[in-house]
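Heads up, the thing below is written out as structure tokens.
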Amino acid sequence: MSLREEALAFHEAFRGKIAVHSKVPCATSQDLSLAYTPGVAEPCREIEKNPDDVYRYTAKGNLVAVVTDGSAVLGLGDIGASASIPVMEGKAILFKNFAGIDAFPIAISSKDPEDIVKTVAMIEPIFGGINLEDISAPRCFEVEKRLKDALNIPVFHDDQHGTAVVALAALINALHLVGKDFQNLRVAVSGAGAAGVAVTSFLLSFGAEDVILCDSRGAIHKGRQDLNPFKEKIARITNPRNLTGTLKDAIRGADVFLGLSVAGILTQEMVRSMAEDPVVFALANPVPEIMPEQAEEAGARVVATGRSDYPNQVNNALGFPGIFRGALDVRASEINEPMKMAASRAIAGLVEDRTPQCIIPSPFDMRVVPAVAEAVARAAIESGVARMPLDPAEVRRGAEARIRRREDEEPSPFPSSLESGH
């Protein structure tokens, strides 16, 4: 079968990728009396008296909502809430399989930020965290900010911050290889959507000073008359030389190219115009801004993409499972900049022997989630947002135990109808 046929058969055979399974027995009258009536009234009364006991008696502390409006799905664009569900289910199983976190898709049939914010705020009692996914810019910025202001649980837009965390981790190691530091770096970023804006802001927070963000009309700079409020804000803190012109102008002399835009926008001529030992992160999917072999032929010292069939895949699965694991375990009220930076450093630190073909670990490296969870938990405690200051080493051990349990579980049988191609 082709990949398309196999993927359709796979989803049809399983009727989706997630299900709800009971953690408790339900086989006898005694089981029912404890799990449901009359026994269930007791935890209800305790939670009514002390709302924080919801974490003690329910699944809230390990349950994340994966929220979307289906307006910016993978490489598919605005396909709507229903069509986005396979992707959201996929995200849910990554949470479960990598970090032992239960996650449930919430697909909202409205692109009005007011509706999205109101819906998520109203379902907050059951969830310990909110993962925003595939909401188009610039609405995603407003939705995230308003939810972070309104809720007392972590709200994390993975398209923004997950990408930023993993890209920074890769860049930390790339710069070690080429002997450059963030303070003296020149960076050209292509793409001013959710990921591009977040990566740019994160680089500035980490110490980079000369970052130029380019959209489809060229360099974003102070004085451009066609900028929306979000781009106006980023113009005030980037492009210190107030350079104008196209991406071609912005990349001349740059040490790093970060592509979060469209296929084929970066040429070999542009790579050759960069500084010595250039670093090229061409992260557009499925086709990058420049193919790795072309970038290397033009002189790029280190190349990363978003693809799994090339070295140095910048994959968000390296970030969000461990970030949420750490945040949930210490009951953080938010995921802040110190927690995200700690995650980047933890991911980068797992690469012991850096080479141009190895600047970031694999998403299947079982060390990633425990290391990230521990680092995030420690940063949450140190920054004052942890409401249950568990020992970060205990957070790591808990994550490792979940991974061991997962490895011990037998894989679910593959439906015979799918094996035979029907």
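As shown in the structure tokens, the chain order sets the letters A, B, ...; within each chain, residues go from 1, and ligands are also counted from 1 in the order they appear.
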Mind dumping a table of every range 190-226 of chain A residue within 8 Å of range 239-253 of chain A, with the nearest atom pair and its distance in Å to one decimal, using only C-alpha atoms, sorted by chain and rising number, as CSV?
residue,atom,partner,partner_atom,distance
A:Ser190,CA,A:Leu247,CA,7.2
A:Glu209,CA,A:Pro240,CA,7.8
A:Asp210,CA,A:Asn239,CA,6.1
A:Val211,CA,A:Asn239,CA,5.6
A:Ile212,CA,A:Asn239,CA,4.7
A:Leu213,CA,A:Asn239,CA,7.4
A:Cys214,CA,A:Leu247,CA,6.2
A:Arg217,CA,A:Thr246,CA,7.0
A:Gly218,CA,A:Thr246,CA,4.1
A:Ala219,CA,A:Thr244,CA,5.6
A:Ile220,CA,A:Thr244,CA,7.5
A:His221,CA,A:Asn242,CA,5.5
A:Lys222,CA,A:Asn242,CA,6.6
Keeping only N, CA and C atoms, write the selected residues as a PDB file, in the first residue's frame.
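Saved as part_29.pdb:
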ATOM      1  N   SER A 190      13.126  33.617   9.024  1.00  0.00           N
ATOM      2  CA  SER A 190      12.143  33.704   7.943  1.00  0.00           C
ATOM      3  C   SER A 190      10.829  33.103   8.416  1.00  0.00           C
ATOM      4  N   GLU A 209      21.105  39.422  20.473  1.00  0.00           N
ATOM      5  CA  GLU A 209      20.809  40.852  20.392  1.00  0.00           C
ATOM      6  C   GLU A 209      20.489  41.323  18.985  1.00  0.00           C
ATOM      7  N   ASP A 210      21.023  40.646  17.987  1.00  0.00           N
ATOM      8  CA  ASP A 210      20.834  41.089  16.596  1.00  0.00           C
ATOM      9  C   ASP A 210      20.034  40.032  15.839  1.00  0.00           C
ATOM     10  N   VAL A 211      18.726  40.122  15.936  1.00  0.00           N
ATOM     11  CA  VAL A 211      17.828  39.188  15.272  1.00  0.00           C
ATOM     12  C   VAL A 211      16.905  39.972  14.346  1.00  0.00           C
ATOM     13  N   ILE A 212      16.858  39.564  13.088  1.00  0.00           N
ATOM     14  CA  ILE A 212      15.968  40.193  12.117  1.00  0.00           C
ATOM     15  C   ILE A 212      14.912  39.178  11.712  1.00  0.00           C
ATOM     16  N   LEU A 213      13.659  39.545  11.895  1.00  0.00           N
ATOM     17  CA  LEU A 213      12.530  38.692  11.536  1.00  0.00           C
ATOM     18  C   LEU A 213      11.962  39.170  10.204  1.00  0.00           C
ATOM     19  N   CYS A 214      11.778  38.237   9.280  1.00  0.00           N
ATOM     20  CA  CYS A 214      11.265  38.581   7.952  1.00  0.00           C
ATOM     21  C   CYS A 214       9.928  37.894   7.712  1.00  0.00           C
ATOM     22  N   ARG A 217       6.899  40.027   3.098  1.00  0.00           N
ATOM     23  CA  ARG A 217       7.220  41.316   2.468  1.00  0.00           C
ATOM     24  C   ARG A 217       8.612  41.805   2.807  1.00  0.00           C
ATOM     25  N   GLY A 218       9.362  41.002   3.541  1.00  0.00           N
ATOM     26  CA  GLY A 218      10.732  41.389   3.838  1.00  0.00           C
ATOM     27  C   GLY A 218      10.975  41.619   5.313  1.00  0.00           C
ATOM     28  N   ALA A 219      12.058  42.331   5.614  1.00  0.00           N
ATOM     29  CA  ALA A 219      12.471  42.546   6.998  1.00  0.00           C
ATOM     30  C   ALA A 219      11.437  43.371   7.753  1.00  0.00           C
ATOM     31  N   ILE A 220      11.141  42.930   8.964  1.00  0.00           N
ATOM     32  CA  ILE A 220      10.267  43.703   9.847  1.00  0.00           C
ATOM     33  C   ILE A 220      11.136  44.721  10.569  1.00  0.00           C
ATOM     34  N   HIS A 221      10.763  45.970  10.435  1.00  0.00           N
ATOM     35  CA  HIS A 221      11.574  47.039  11.018  1.00  0.00           C
ATOM     36  C   HIS A 221      10.668  48.168  11.507  1.00  0.00           C
ATOM     37  N   LYS A 222      11.222  48.963  12.390  1.00  0.00           N
ATOM     38  CA  LYS A 222      10.481  50.125  12.885  1.00  0.00           C
ATOM     39  C   LYS A 222      10.213  51.081  11.726  1.00  0.00           C
TER      40      LYS A 222
END
Would you list the contacts of Phe98 in chain A as a PDB file with N, CA and C atoms, in the first residue's frame, taking every protein, DNA or RNA residue within 10 Å and counting only C-alpha atoms, but skipping same-chain residues closer than 5 positions in sequence?
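After the write, selection16.pdb holds the following:
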ATOM      1  N   ILE A  93      -1.747  10.994  21.925  1.00  0.00           N
ATOM      2  CA  ILE A  93      -1.002   9.748  22.157  1.00  0.00           C
ATOM      3  C   ILE A  93       0.486  10.018  22.370  1.00  0.00           C
ATOM      4  N   ALA A 317       8.227  17.024  19.766  1.00  0.00           N
ATOM      5  CA  ALA A 317       8.050  15.910  20.703  1.00  0.00           C
ATOM      6  C   ALA A 317       9.217  15.806  21.684  1.00  0.00           C
ATOM      7  N   LEU A 318      10.330  16.477  21.412  1.00  0.00           N
ATOM      8  CA  LEU A 318      11.428  16.547  22.368  1.00  0.00           C
ATOM      9  C   LEU A 318      11.108  17.485  23.524  1.00  0.00           C
ATOM     10  N   PHE A 320       7.440  19.255  24.474  1.00  0.00           N
ATOM     11  CA  PHE A 320       6.198  19.388  25.240  1.00  0.00           C
ATOM     12  C   PHE A 320       5.898  18.250  26.211  1.00  0.00           C
ATOM     13  N   PRO A 321       6.234  16.969  25.918  1.00  0.00           N
ATOM     14  CA  PRO A 321       5.907  15.939  26.916  1.00  0.00           C
ATOM     15  C   PRO A 321       6.630  16.166  28.250  1.00  0.00           C
ATOM     16  N   GLY A 322       7.923  16.413  28.196  1.00  0.00           N
ATOM     17  CA  GLY A 322       8.681  16.640  29.418  1.00  0.00           C
ATOM     18  C   GLY A 322       8.334  17.948  30.094  1.00  0.00           C
ATOM     19  N   ARG A 325       5.137  17.297  31.836  1.00  0.00           N
ATOM     20  CA  ARG A 325       5.371  16.363  32.936  1.00  0.00           C
ATOM     21  C   ARG A 325       5.921  17.112  34.144  1.00  0.00           C
ATOM     22  N   PRO A 363      13.726  11.978  19.396  1.00  0.00           N
ATOM     23  CA  PRO A 363      12.517  11.961  20.232  1.00  0.00           C
ATOM     24  C   PRO A 363      12.311  10.630  20.947  1.00  0.00           C
ATOM     25  N   PHE A 364      12.941   9.565  20.456  1.00  0.00           N
ATOM     26  CA  PHE A 364      12.797   8.255  21.065  1.00  0.00           C
ATOM     27  C   PHE A 364      13.872   7.963  22.110  1.00  0.00           C
ATOM     28  N   ASP A 365      14.735   8.945  22.358  1.00  0.00           N
ATOM     29  CA  ASP A 365      15.740   8.812  23.412  1.00  0.00           C
ATOM     30  C   ASP A 365      15.010   8.860  24.763  1.00  0.00           C
ATOM     31  N   MET A 366      15.054   7.762  25.493  1.00  0.00           N
ATOM     32  CA  MET A 366      14.281   7.653  26.732  1.00  0.00           C
ATOM     33  C   MET A 366      14.789   8.552  27.853  1.00  0.00           C
ATOM     34  N   VAL A 368      15.113  11.803  27.457  1.00  0.00           N
ATOM     35  CA  VAL A 368      14.671  13.171  27.207  1.00  0.00           C
ATOM     36  C   VAL A 368      13.600  13.622  28.193  1.00  0.00           C
ATOM     37  N   VAL A 369      12.489  12.895  28.260  1.00  0.00           N
ATOM     38  CA  VAL A 369      11.384  13.346  29.121  1.00  0.00           C
ATOM     39  C   VAL A 369      11.813  13.462  30.583  1.00  0.00           C
ATOM     40  N   PRO A 370      12.494  12.456  31.173  1.00  0.00           N
ATOM     41  CA  PRO A 370      12.920  12.629  32.564  1.00  0.00           C
ATOM     42  C   PRO A 370      13.832  13.842  32.780  1.00  0.00           C
ATOM     43  N   ALA A 399       9.136  10.092  36.134  1.00  0.00           N
ATOM     44  CA  ALA A 399       9.079  10.011  34.675  1.00  0.00           C
ATOM     45  C   ALA A 399       9.763   8.745  34.175  1.00  0.00           C
ATOM     46  N   ARG A 402       7.478   5.773  34.722  1.00  0.00           N
ATOM     47  CA  ARG A 402       6.404   5.691  33.727  1.00  0.00           C
ATOM     48  C   ARG A 402       6.919   5.088  32.424  1.00  0.00           C
ATOM     49  N   ILE A 403       8.129   5.472  32.039  1.00  0.00           N
ATOM     50  CA  ILE A 403       8.713   4.933  30.810  1.00  0.00           C
ATOM     51  C   ILE A 403       8.947   3.430  30.945  1.00  0.00           C
ATOM     52  N   ARG A 406       5.726   1.638  30.575  1.00  0.00           N
ATOM     53  CA  ARG A 406       5.291   1.627  29.176  1.00  0.00           C
ATOM     54  C   ARG A 406       6.036   0.557  28.393  1.00  0.00           C
TER      55      ARG A 406
END
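Every protein, DNA or RNA residue with an atom at most 6 Å from Gly128 in chain A, where only C-alpha atoms count and chain neighbours fewer than 6 positions away do not, is listed here: Lys60, Gly61, Leu63 and Val64 of chain A.
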Selection export as a short mmCIF file (atom, residue, chain, number, x, y, z; two decimals), in the first residue's frame, atoms kept: N, CA and C atoms:
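Printed below is result-v1.cif as written:
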data_model
loop_
_atom_site.label_atom_id
_atom_site.label_comp_id
_atom_site.auth_asym_id
_atom_site.auth_seq_id
_atom_site.Cartn_x
_atom_site.Cartn_y
_atom_site.Cartn_z
N LYS A 60 -7.41 15.22 37.40
CA LYS A 60 -7.05 16.56 36.92
C LYS A 60 -5.54 16.78 36.84
N GLY A 61 -4.81 16.31 37.83
CA GLY A 61 -3.38 16.59 37.89
C GLY A 61 -2.56 15.92 36.81
N LEU A 63 -4.04 15.41 33.49
CA LEU A 63 -4.93 15.48 32.32
C LEU A 63 -4.75 16.82 31.61
N VAL A 64 -4.46 16.75 30.32
CA VAL A 64 -4.22 17.94 29.50
C VAL A 64 -5.23 18.00 28.36
#
Please identify all polymer residues within 12 Å of Cys44 in chain A, counting only C-alpha atoms, omitting same-chain residues fewer than 4 positions from it, and present them as a PyMOL selection string.
chain A and resi 35-40+48-58
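Interatomic distance, CA of Arg367 in chain A to CA of Glu352 in chain A: 12.4 Å.
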